[in-house]
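Visitor: I'd like to ask you about the structure that follows.
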Amino acid sequence: MKLDDRDIAILRVLSREGRITKTALAERVGLSPTPCWERLHKLERAGLIEGYRAEISLRRLGPHVTVFVACEIADHTAASFRAFESAVARHDEITACWALGGGFDYLLQIVTRDIDAYQRLIDALLDARIGLARYFTYIVTKPVKAPGTIPFDALLGE
């Protein structure tokens, strides 16, 4: 799908303000509400907008720990990767997982109530015999920059 400046403007605003009203969005991108709404639906149908979410303050929600885990899989077969990915998908505490090229096979982002809960999750993954050979734990001590900001200029060469 070819994006024009208005489409990019809509995406840029929505990436920062997902709850903006249709009227306010139209004003921000210089369109009347109906054409803006039509463009928004076009972007959704094209799969460029995958959803709308609230940013929840974990700090205010309650005690928690965020951990990044670099994982190595013992056997590099398609079946092993599928087994690992399937197991990861079953655990809500694993909030993100990326397959990597290079030294490690996967990087997990895990959010649990405390370190004990994190260790119970790791033990469950090891007990599941999903091919987890080694893992390296990195505990987040403070958030510096949260995900969510899209570098439109860098991605689109503007």
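Letters A, B, ... mark the chains of the structure tokens in the order given; residue numbers begin at 1 per chain; ligand numbers begin at 1, in order shown.
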Just want the 12 Å neighbourhood of Ala96 of chain A, counted on only C-alpha atoms, with same-chain residues fewer than 4 positions away dropped. Output as a ChimeraX atom specification.
Guide: /A:66-69,85,88-92,106-111,147
Visitor: Excluding segment 7-10 of chain A and its own-chain neighbours fewer than 5 positions away, which residues fall within 9 Å of it when counting only C-alpha atoms? Please give them as a ChimeraX atom specification.
Guide: /A:15,25-26,28-29,36,39-40,43,152
Visitor: Take the residues just selected and output them with C-alpha atoms as an mmCIF file, in the first residue's frame.
Guide:
```
data_model
loop_
_atom_site.group_PDB
_atom_site.id
_atom_site.type_symbol
_atom_site.label_atom_id
_atom_site.label_comp_id
_atom_site.auth_asym_id
_atom_site.auth_seq_id
_atom_site.Cartn_x
_atom_site.Cartn_y
_atom_site.Cartn_z
ATOM 1 C CA SER A 15 0.859 6.156 17.440
ATOM 2 C CA LEU A 25 -7.727 13.536 14.418
ATOM 3 C CA ALA A 26 -9.209 15.156 11.314
ATOM 4 C CA ARG A 28 -4.702 17.509 13.440
ATOM 5 C CA VAL A 29 -4.090 16.112 9.948
ATOM 6 C CA CYS A 36 -10.195 11.228 7.594
ATOM 7 C CA ARG A 39 -8.504 6.904 5.383
ATOM 8 C CA LEU A 40 -8.406 5.491 8.904
ATOM 9 C CA LEU A 43 -5.237 1.906 7.015
ATOM 10 C CA PHE A 152 8.508 7.443 10.961
#
```
Visitor: Quick one: everything within 12 Å of segment 128-141 of chain A, counting only C-alpha atoms, minus sequence neighbours fewer than 4 positions away in the same chain. Send it as a PyMOL selection string.
Guide: chain A and resi 64-88+90+103-112+114-115+118-119+121-124+145-146
Visitor: Restricted to C-alpha atoms, what would the selected residues look like written as a PDB file, in the first residue's frame?
Guide:
```pdb
ATOM      1  CA  HIS A  64       6.554  -6.108  39.661  1.00  0.00           C
ATOM      2  CA  VAL A  65       9.862  -6.898  38.030  1.00  0.00           C
ATOM      3  CA  THR A  66      10.676  -6.702  34.335  1.00  0.00           C
ATOM      4  CA  VAL A  67      13.297  -9.119  33.092  1.00  0.00           C
ATOM      5  CA  PHE A  68      14.891  -9.629  29.694  1.00  0.00           C
ATOM      6  CA  VAL A  69      16.089 -13.145  29.012  1.00  0.00           C
ATOM      7  CA  ALA A  70      18.436 -14.104  26.192  1.00  0.00           C
ATOM      8  CA  CYS A  71      17.798 -17.740  25.259  1.00  0.00           C
ATOM      9  CA  GLU A  72      19.768 -20.339  23.375  1.00  0.00           C
ATOM     10  CA  ILE A  73      18.004 -23.384  21.949  1.00  0.00           C
ATOM     11  CA  ALA A  74      19.912 -26.683  22.015  1.00  0.00           C
ATOM     12  CA  ASP A  75      18.742 -28.099  18.706  1.00  0.00           C
ATOM     13  CA  HIS A  76      18.339 -25.733  15.761  1.00  0.00           C
ATOM     14  CA  THR A  77      15.575 -27.531  13.931  1.00  0.00           C
ATOM     15  CA  ALA A  78      12.251 -26.115  12.801  1.00  0.00           C
ATOM     16  CA  ALA A  79      10.477 -28.441  15.251  1.00  0.00           C
ATOM     17  CA  SER A  80      12.585 -27.155  18.150  1.00  0.00           C
ATOM     18  CA  PHE A  81      11.847 -23.550  17.277  1.00  0.00           C
ATOM     19  CA  ARG A  82       8.126 -24.319  16.987  1.00  0.00           C
ATOM     20  CA  ALA A  83       8.125 -26.098  20.362  1.00  0.00           C
ATOM     21  CA  PHE A  84       9.884 -23.184  22.052  1.00  0.00           C
ATOM     22  CA  GLU A  85       7.606 -20.574  20.466  1.00  0.00           C
ATOM     23  CA  SER A  86       4.505 -22.575  21.346  1.00  0.00           C
ATOM     24  CA  ALA A  87       5.583 -22.813  24.990  1.00  0.00           C
ATOM     25  CA  VAL A  88       6.334 -19.081  25.118  1.00  0.00           C
ATOM     26  CA  ARG A  90       1.248 -20.155  26.676  1.00  0.00           C
ATOM     27  CA  GLY A 103      24.511 -15.162  19.168  1.00  0.00           C
ATOM     28  CA  PHE A 104      21.231 -15.862  20.934  1.00  0.00           C
ATOM     29  CA  ASP A 105      18.156 -17.459  19.442  1.00  0.00           C
ATOM     30  CA  TYR A 106      15.458 -15.503  21.316  1.00  0.00           C
ATOM     31  CA  LEU A 107      15.035 -12.477  23.526  1.00  0.00           C
ATOM     32  CA  LEU A 108      12.136 -12.616  25.978  1.00  0.00           C
ATOM     33  CA  GLN A 109      10.580  -9.761  27.908  1.00  0.00           C
ATOM     34  CA  ILE A 110       9.016 -11.067  31.104  1.00  0.00           C
ATOM     35  CA  VAL A 111       6.949  -9.191  33.686  1.00  0.00           C
ATOM     36  CA  THR A 112       6.242 -10.928  36.996  1.00  0.00           C
ATOM     37  CA  ASP A 114       8.792 -10.629  41.873  1.00  0.00           C
ATOM     38  CA  ILE A 115      12.009 -12.553  41.231  1.00  0.00           C
ATOM     39  CA  TYR A 118      10.239 -15.152  37.506  1.00  0.00           C
ATOM     40  CA  GLN A 119      12.306 -18.127  38.675  1.00  0.00           C
ATOM     41  CA  LEU A 121       8.456 -19.437  35.233  1.00  0.00           C
ATOM     42  CA  ILE A 122      12.005 -20.267  34.129  1.00  0.00           C
ATOM     43  CA  ASP A 123      11.848 -23.559  36.048  1.00  0.00           C
ATOM     44  CA  ALA A 124       8.567 -24.398  34.282  1.00  0.00           C
ATOM     45  CA  LYS A 145      12.683   4.865  27.116  1.00  0.00           C
ATOM     46  CA  ALA A 146       9.552   2.817  26.643  1.00  0.00           C
TER      47      ALA A 146
END
```
Visitor: One decimal, in Å: what's the spacing between atom CA of Leu155 of chain A and atom CA of Leu3 of chain A?
Guide: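 Going from atom CA of Leu155 of chain A over to atom CA of Leu3 of chain A covers 12.5 Å.
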Visitor: Could you tell me how far atom CA of Leu11 of chain A sits from atom CA of Tyr52 of chain A, in Å to one decimal place?
Guide: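 So the two atoms, atom CA of Tyr52 of chain A and atom CA of Leu11 of chain A, lie 11.9 Å apart.
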Visitor: So which residues of segment 39-106 of chain A fall under alpha helix (DSSP H) by DSSP, listed as a list in words?
Guide: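 Listing alpha helix (DSSP H) positions across segment 39-106 of chain A yields Arg39, Leu40, His41, Lys42, Leu43, Glu44, Arg45, Leu58, Arg59, Arg60, Leu61, Ala78, Ala79, Ser80, Phe81, Arg82, Ala83, Phe84, Glu85, Ser86, Ala87, Val88 and Ala89 of chain A.
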Visitor: Take the residues just selected and output them with C-alpha atoms as a PDB file, in the first residue's frame.
Guide:
```pdb
ATOM      1  CA  ARG A  39      -8.504   6.904   5.383  1.00  0.00           C
ATOM      2  CA  LEU A  40      -8.406   5.491   8.904  1.00  0.00           C
ATOM      3  CA  HIS A  41     -10.540   2.520   7.847  1.00  0.00           C
ATOM      4  CA  LYS A  42      -8.331   2.012   4.780  1.00  0.00           C
ATOM      5  CA  LEU A  43      -5.237   1.906   7.015  1.00  0.00           C
ATOM      6  CA  GLU A  44      -6.939  -0.585   9.350  1.00  0.00           C
ATOM      7  CA  ARG A  45      -8.058  -2.834   6.462  1.00  0.00           C
ATOM      8  CA  LEU A  58       3.000  -1.098  36.033  1.00  0.00           C
ATOM      9  CA  ARG A  59       4.467   0.942  38.869  1.00  0.00           C
ATOM     10  CA  ARG A  60       0.995   2.079  39.937  1.00  0.00           C
ATOM     11  CA  LEU A  61      -0.583  -1.312  39.284  1.00  0.00           C
ATOM     12  CA  ALA A  78      12.251 -26.115  12.801  1.00  0.00           C
ATOM     13  CA  ALA A  79      10.477 -28.441  15.251  1.00  0.00           C
ATOM     14  CA  SER A  80      12.585 -27.155  18.150  1.00  0.00           C
ATOM     15  CA  PHE A  81      11.847 -23.550  17.277  1.00  0.00           C
ATOM     16  CA  ARG A  82       8.126 -24.319  16.987  1.00  0.00           C
ATOM     17  CA  ALA A  83       8.125 -26.098  20.362  1.00  0.00           C
ATOM     18  CA  PHE A  84       9.884 -23.184  22.052  1.00  0.00           C
ATOM     19  CA  GLU A  85       7.606 -20.574  20.466  1.00  0.00           C
ATOM     20  CA  SER A  86       4.505 -22.575  21.346  1.00  0.00           C
ATOM     21  CA  ALA A  87       5.583 -22.813  24.990  1.00  0.00           C
ATOM     22  CA  VAL A  88       6.334 -19.081  25.118  1.00  0.00           C
ATOM     23  CA  ALA A  89       2.872 -18.273  23.761  1.00  0.00           C
TER      24      ALA A  89
END
```
Visitor: For the structure I just gave you, how does DSSP split chain A - specifically, which residues are strand (DSSP E)? Reply as a PyMOL selection string.
Guide: chain A and resi 65-73+94-99+106-112+132-139
